[in-house]
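Undergrad: Structure in structure tokens, see below.
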Amino acid sequence: MINLLALIVCFFASVIGAICGIGGGVIIKPVLDSVGILDVTAISFLSGCTVLSMTTYSVLKNRCSGTSHISARNMLPLAIGASIGGVAGRELFSYVKLVSGNNEKVGAVQAFCLLIITFGTLLYTLYKSKIKTYRIDKKSVCFSIGAFLGIISSFLGIGGGPINLVVLFFFFSMPTKIAAENSLYIIFFSQGANLISTIISGNVPEFKPEVLILMIVGGIAGGICGRKINEGIDEKIVDMLFIGLMIMIMLINVYNIYKYI
């Protein structure tokens, strides 16, 4: 039952994640937390692995097909910053877990932070037509922005999620679909660095290998379907899906906060 649930959640989360450019972790993490099939540490790790598998497929597929819209000038410094931030975020998670003394408190902190971020993202999305945007091209600034994104995504175990899109909208004036592709590029770097750091430090949590395999299969399959859907739909539909998703995630996190407290 656990294996089937994990597969289904990862598949549909990755479909939506590939369409909207949020990676899927922002759905996988709170949904699996809410049903309580594993402890929060294992879910954070498995969610990160699933997101990494899906984004790896999407990034490589775009590169090989010649349809990539990634600007290496700005996105590479941002992605490098996200890699370093991803490692820092993992250390922050370990510190909070150590200080709190139990996984329930860590889960509550993660759920609260994700609720605030999701709410801010929803407000920005609703009013983004009235908000002035910028076109940042200074490498040091791009690096700093990437480091911030990496810390947040790694600490929350969500890959990158909605906050990546807001940053790309606001600081780089990207349209929705291009922002979605570049978001997955950033997630690829941050989650890759986080995974390598976790393995090297020996902090991989306990879990059944078959759960990880099924989650990765679901993530890649969802990424394939989501990428094809993204190519055939209008940006307005992507925006509407994104808004609906933010509302759903907020409700799940409210439940998780109540559950853990």
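Within each chain, counting starts at residue 1; across the structure tokens, chains are named A, B, ... in the order shown, with ligands numbered 1 upward in that order.
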Excluding same-chain residues fewer than 5 positions from Ser190 (chain A), what lies within 10 Å of it counting only C-alpha atoms, as a list in words?
TA: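 Residues meeting the cut-off are Gly48, Leu52, Leu78, Ala79, Ile80, Gly81, Ala82, Ser83, Ile84, Gly85, Gly86, Val87, Gly89, Gly146, Ala147, Leu149, Gly150, Ile151, Ser153, Ser154, Gly159, Gly160, Leu184, Tyr185 and Leu195 of chain A.
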Undergrad: Next, the residues of the selection above should be written as a CSV table (one decimal), in the first residue's frame with N, CA and C atoms.
TA:
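Listed below is the output, again-v8.csv:
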chain,number,residue,atom,x,y,z
A,48,GLY,N,13.6,14.7,-2.5
A,48,GLY,CA,14.7,15.3,-3.2
A,48,GLY,C,15.2,14.4,-4.4
A,52,LEU,N,15.0,15.2,-8.3
A,52,LEU,CA,16.3,15.2,-9.1
A,52,LEU,C,16.2,14.3,-10.3
A,78,LEU,N,23.5,31.4,-11.3
A,78,LEU,CA,22.4,31.1,-10.4
A,78,LEU,C,22.4,29.6,-9.9
A,79,ALA,N,22.6,28.8,-10.9
A,79,ALA,CA,22.6,27.3,-10.6
A,79,ALA,C,23.8,26.9,-9.7
A,80,ILE,N,24.9,27.5,-9.9
A,80,ILE,CA,26.1,27.2,-9.1
A,80,ILE,C,25.8,27.7,-7.6
A,81,GLY,N,25.2,28.9,-7.5
A,81,GLY,CA,24.8,29.4,-6.2
A,81,GLY,C,23.8,28.4,-5.6
A,82,ALA,N,22.9,27.9,-6.4
A,82,ALA,CA,21.8,27.0,-5.8
A,82,ALA,C,22.5,25.7,-5.4
A,83,SER,N,23.6,25.3,-6.0
A,83,SER,CA,24.3,24.0,-5.6
A,83,SER,C,24.9,24.2,-4.2
A,84,ILE,N,25.5,25.4,-4.0
A,84,ILE,CA,26.1,25.7,-2.7
A,84,ILE,C,25.1,25.9,-1.7
A,85,GLY,N,24.0,26.6,-2.0
A,85,GLY,CA,22.9,26.7,-1.1
A,85,GLY,C,22.2,25.4,-0.8
A,86,GLY,N,22.2,24.5,-1.7
A,86,GLY,CA,21.6,23.2,-1.4
A,86,GLY,C,22.3,22.5,-0.3
A,87,VAL,N,23.6,22.5,-0.3
A,87,VAL,CA,24.4,21.9,0.7
A,87,VAL,C,24.2,22.6,2.0
A,89,GLY,N,21.5,24.3,2.9
A,89,GLY,CA,20.2,24.0,3.4
A,89,GLY,C,20.1,22.6,4.1
A,146,GLY,N,20.7,32.5,-6.4
A,146,GLY,CA,20.7,31.0,-6.5
A,146,GLY,C,21.0,30.4,-5.1
A,147,ALA,N,22.0,30.9,-4.4
A,147,ALA,CA,22.3,30.4,-3.0
A,147,ALA,C,21.1,30.4,-2.1
A,149,LEU,N,17.9,30.4,-3.0
A,149,LEU,CA,16.9,29.4,-3.5
A,149,LEU,C,17.4,28.0,-3.1
A,150,GLY,N,18.7,27.7,-3.2
A,150,GLY,CA,19.2,26.4,-2.8
A,150,GLY,C,19.0,26.1,-1.3
A,151,ILE,N,19.2,27.1,-0.5
A,151,ILE,CA,19.0,26.9,0.9
A,151,ILE,C,17.6,26.6,1.3
A,153,SER,N,15.1,25.5,-0.7
A,153,SER,CA,14.6,24.3,-1.3
A,153,SER,C,15.1,23.0,-0.6
A,154,SER,N,16.4,23.1,-0.3
A,154,SER,CA,17.0,21.9,0.4
A,154,SER,C,16.5,21.7,1.8
A,159,GLY,N,12.8,20.7,-3.5
A,159,GLY,CA,13.5,20.8,-4.8
A,159,GLY,C,13.6,22.3,-5.2
A,160,GLY,N,12.6,23.1,-5.2
A,160,GLY,CA,12.7,24.5,-5.5
A,160,GLY,C,11.3,25.1,-5.5
A,184,LEU,N,13.5,24.3,-13.5
A,184,LEU,CA,13.9,22.9,-13.5
A,184,LEU,C,15.4,22.8,-13.6
A,185,TYR,N,16.0,23.7,-14.3
A,185,TYR,CA,17.5,23.7,-14.5
A,185,TYR,C,18.2,24.0,-13.1
A,195,LEU,N,22.1,15.9,-2.8
A,195,LEU,CA,22.2,14.5,-2.7
A,195,LEU,C,23.7,14.0,-2.5
Undergrad: Once you count only C-alpha atoms, what closest atom pair and distance in Å to one decimal does each residue of region 130-240 of chain A within 12 Å of region 92-97 of chain A have, with rows by chain and rising residue number, as a Markdown table?
TA:
| residue | atom | partner | partner_atom | distance |
| --- | --- | --- | --- | --- |
| A:Gly150 | CA | A:Leu92 | CA | 11.5 |
| A:Ile151 | CA | A:Leu92 | CA | 8.1 |
| A:Ile152 | CA | A:Leu92 | CA | 9.6 |
| A:Ser153 | CA | A:Phe93 | CA | 10.7 |
| A:Ser154 | CA | A:Phe93 | CA | 8.0 |
| A:Phe155 | CA | A:Phe93 | CA | 5.2 |
| A:Leu156 | CA | A:Phe93 | CA | 7.9 |
| A:Gly157 | CA | A:Phe93 | CA | 9.1 |
| A:Asn194 | CA | A:Phe93 | CA | 11.4 |
| A:Thr198 | CA | A:Ser94 | CA | 10.5 |
| A:Ser201 | CA | A:Ser94 | CA | 11.5 |
| A:Asn203 | CA | A:Ser94 | CA | 9.1 |
| A:Val204 | CA | A:Ser94 | CA | 11.5 |
| A:Pro205 | CA | A:Ser94 | CA | 11.6 |
Undergrad: Find the residue from A:Cys113, A:Met54, A:Ala6, A:Cys20 that sits nearest to Leu38 (chain A); use only C-alpha atoms when measuring.
TA: A:Ala6
Undergrad: Neighbours of Tyr260 (chain A) within 9 Å (only C-alpha atoms; same-chain residues fewer than 5 positions away dropped), as a list in words?
TA: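 Here the answer would be Asn103, Glu104, Lys105, Val106, Gly107, Ala108 and Tyr255 of chain A.
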Undergrad: So which residues touch region 215-225 of chain A within 9 Å, counting only C-alpha atoms, skipping near sequence neighbours fewer than 3 positions away, as number ranges by chain?
TA: A: 3, 6-19, 23-24, 46-47, 49-58, 210-212, 228-230
Undergrad: Using only C-alpha atoms, which of A:Glu91, A:Asp239, A:Asp39, A:Asp33 sits nearest Ala180 (chain A)?
TA: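 Going through A:Glu91, A:Asp239, A:Asp39, A:Asp33 one by one, the smallest distance to Ala180 (chain A) is for A:Asp239.
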Undergrad: Can you check which residues of region 82-194 of chain A DSSP gives as helix (DSSP H, G or I) on the backbone and send them as a PyMOL selection string?
TA: chain A and resi 82-100+103-130+139-156+161-172+176-194
Undergrad: Between CA of Asn74 (chain A) and CA of Lys139 (chain A), what is the distance, to one decimal in Å?
TA: 6.6 Å
Undergrad: Between A:Ser34, A:Lys259, A:Leu60, A:Arg90, single out the one closest to Ile199 (chain A), counting only C-alpha atoms.
TA: A:Arg90
Undergrad: Rounded to one decimal in Å, what is the spacing between CA of Phe143 (chain A) and CA of His69 (chain A)?
TA: 19.3 Å
Undergrad: Which polymer residues have any atom within 8 Å of an atom of Ile243 (chain A), counting only C-alpha atoms, with same-chain residues fewer than 2 positions away left out, as a PyMOL selection string?
TA: chain A and resi 122+125-126+239-241+245-247
Undergrad: Selection from above, C-alpha atoms, as a PDB file, in the first residue's frame, can you write it?
TA:
ATOM      1  CA  LEU A 122       0.096  32.962  -4.622  1.00  0.00           C
ATOM      2  CA  THR A 125       1.063  35.308  -9.059  1.00  0.00           C
ATOM      3  CA  LEU A 126      -2.329  36.965  -8.685  1.00  0.00           C
ATOM      4  CA  ASP A 239      -0.946  30.053 -14.651  1.00  0.00           C
ATOM      5  CA  MET A 240      -4.417  28.825 -13.648  1.00  0.00           C
ATOM      6  CA  LEU A 241      -3.062  25.375 -12.796  1.00  0.00           C
ATOM      7  CA  LEU A 245      -1.953  24.130  -6.962  1.00  0.00           C
ATOM      8  CA  MET A 246      -0.799  26.849  -4.551  1.00  0.00           C
ATOM      9  CA  ILE A 247      -4.183  26.865  -2.834  1.00  0.00           C
TER      10      ILE A 247
END
Undergrad: Could you tell me how far CA of Ala111 (chain A) lies from CA of Gly36 (chain A), in Å and to one decimal?
TA: 13.5 Å
Undergrad: Pick the closest to Thr118 (chain A) from A:Leu32, A:Ile2, A:Ile131, A:Ile158: which is it, counting only C-alpha atoms?
TA: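 Between A:Leu32, A:Ile2, A:Ile131, A:Ile158, the residue approaching Thr118 (chain A) most closely is A:Ile158.
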Undergrad: Excluding Ile70 (chain A) and residues on its chain fewer than 2 positions from it, collect all residues at most 10 Å away from it, counting only C-alpha atoms, and give them as a list in words.
TA: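 Counting only the stated atoms, we get Val59, Asn62, Arg63, Thr67, Ser68, Ala72, Arg73, Asn74, Met75, Leu76, Ile178, Ala179, Glu181, Asn182, Ser183 and Tyr185 of chain A.
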Undergrad: Nearest residue to Ile37 (chain A) out of A:Pro77, A:Phe207, A:Ile117, A:Leu98, using only C-alpha atoms?
TA: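 Ranking A:Pro77, A:Phe207, A:Ile117, A:Leu98 by distance to Ile37 (chain A), first place goes to A:Phe207.
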Undergrad: Which of these residues is nearest to Leu165 (chain A), using only C-alpha atoms: A:Ile249, A:Val109, A:Ile22, A:Ile261?
TA: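 Result for the nearest residue to Leu165 (chain A): A:Ile22.
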Undergrad: Could you list, as a ChimeraX atom specification, every residue within 12 Å of region 128-130 of chain A, counting only C-alpha atoms and ignoring same-chain residues fewer than 6 positions away?
TA: /A:120-122,165-170,173-176,239
Undergrad: I need the residues from that last selection saved to file as a PDB file, in the first residue's frame (with N, CA and C atoms), if you can.
TA:
ATOM      1  N   GLY A 120       2.864  33.652  -0.154  1.00  0.00           N
ATOM      2  CA  GLY A 120       3.517  34.781  -0.823  1.00  0.00           C
ATOM      3  C   GLY A 120       3.575  34.590  -2.329  1.00  0.00           C
ATOM      4  N   THR A 121       3.830  33.348  -2.741  1.00  0.00           N
ATOM      5  CA  THR A 121       3.869  33.033  -4.169  1.00  0.00           C
ATOM      6  C   THR A 121       2.502  33.225  -4.817  1.00  0.00           C
ATOM      7  N   LEU A 122       1.452  32.808  -4.109  1.00  0.00           N
ATOM      8  CA  LEU A 122       0.096  32.962  -4.622  1.00  0.00           C
ATOM      9  C   LEU A 122      -0.253  34.442  -4.802  1.00  0.00           C
ATOM     10  N   LEU A 165       9.937  30.121  -9.413  1.00  0.00           N
ATOM     11  CA  LEU A 165       9.203  30.831 -10.462  1.00  0.00           C
ATOM     12  C   LEU A 165       9.044  32.306 -10.135  1.00  0.00           C
ATOM     13  N   VAL A 166       8.714  32.613  -8.879  1.00  0.00           N
ATOM     14  CA  VAL A 166       8.567  34.017  -8.473  1.00  0.00           C
ATOM     15  C   VAL A 166       9.865  34.778  -8.690  1.00  0.00           C
ATOM     16  N   VAL A 167      10.971  34.165  -8.316  1.00  0.00           N
ATOM     17  CA  VAL A 167      12.280  34.801  -8.485  1.00  0.00           C
ATOM     18  C   VAL A 167      12.580  35.039  -9.962  1.00  0.00           C
ATOM     19  N   LEU A 168      12.281  34.048 -10.799  1.00  0.00           N
ATOM     20  CA  LEU A 168      12.552  34.189 -12.232  1.00  0.00           C
ATOM     21  C   LEU A 168      11.614  35.214 -12.877  1.00  0.00           C
ATOM     22  N   PHE A 169      10.369  35.269 -12.417  1.00  0.00           N
ATOM     23  CA  PHE A 169       9.443  36.299 -12.896  1.00  0.00           C
ATOM     24  C   PHE A 169       9.958  37.690 -12.529  1.00  0.00           C
ATOM     25  N   PHE A 170      10.284  37.864 -11.250  1.00  0.00           N
ATOM     26  CA  PHE A 170      10.576  39.192 -10.704  1.00  0.00           C
ATOM     27  C   PHE A 170      11.956  39.716 -11.107  1.00  0.00           C
ATOM     28  N   SER A 173      12.336  38.767 -15.430  1.00  0.00           N
ATOM     29  CA  SER A 173      11.236  39.095 -16.357  1.00  0.00           C
ATOM     30  C   SER A 173      10.944  37.964 -17.343  1.00  0.00           C
ATOM     31  N   MET A 174      10.954  36.731 -16.872  1.00  0.00           N
ATOM     32  CA  MET A 174      10.719  35.592 -17.753  1.00  0.00           C
ATOM     33  C   MET A 174       9.231  35.286 -17.888  1.00  0.00           C
ATOM     34  N   PRO A 175       8.766  34.953 -19.091  1.00  0.00           N
ATOM     35  CA  PRO A 175       7.384  34.468 -19.249  1.00  0.00           C
ATOM     36  C   PRO A 175       7.238  33.102 -18.595  1.00  0.00           C
ATOM     37  N   THR A 176       6.012  32.678 -18.387  1.00  0.00           N
ATOM     38  CA  THR A 176       5.727  31.493 -17.575  1.00  0.00           C
ATOM     39  C   THR A 176       6.445  30.229 -18.039  1.00  0.00           C
ATOM     40  N   ASP A 239      -0.769  29.140 -15.789  1.00  0.00           N
ATOM     41  CA  ASP A 239      -0.946  30.053 -14.651  1.00  0.00           C
ATOM     42  C   ASP A 239      -2.129  29.636 -13.779  1.00  0.00           C
TER      43      ASP A 239
END
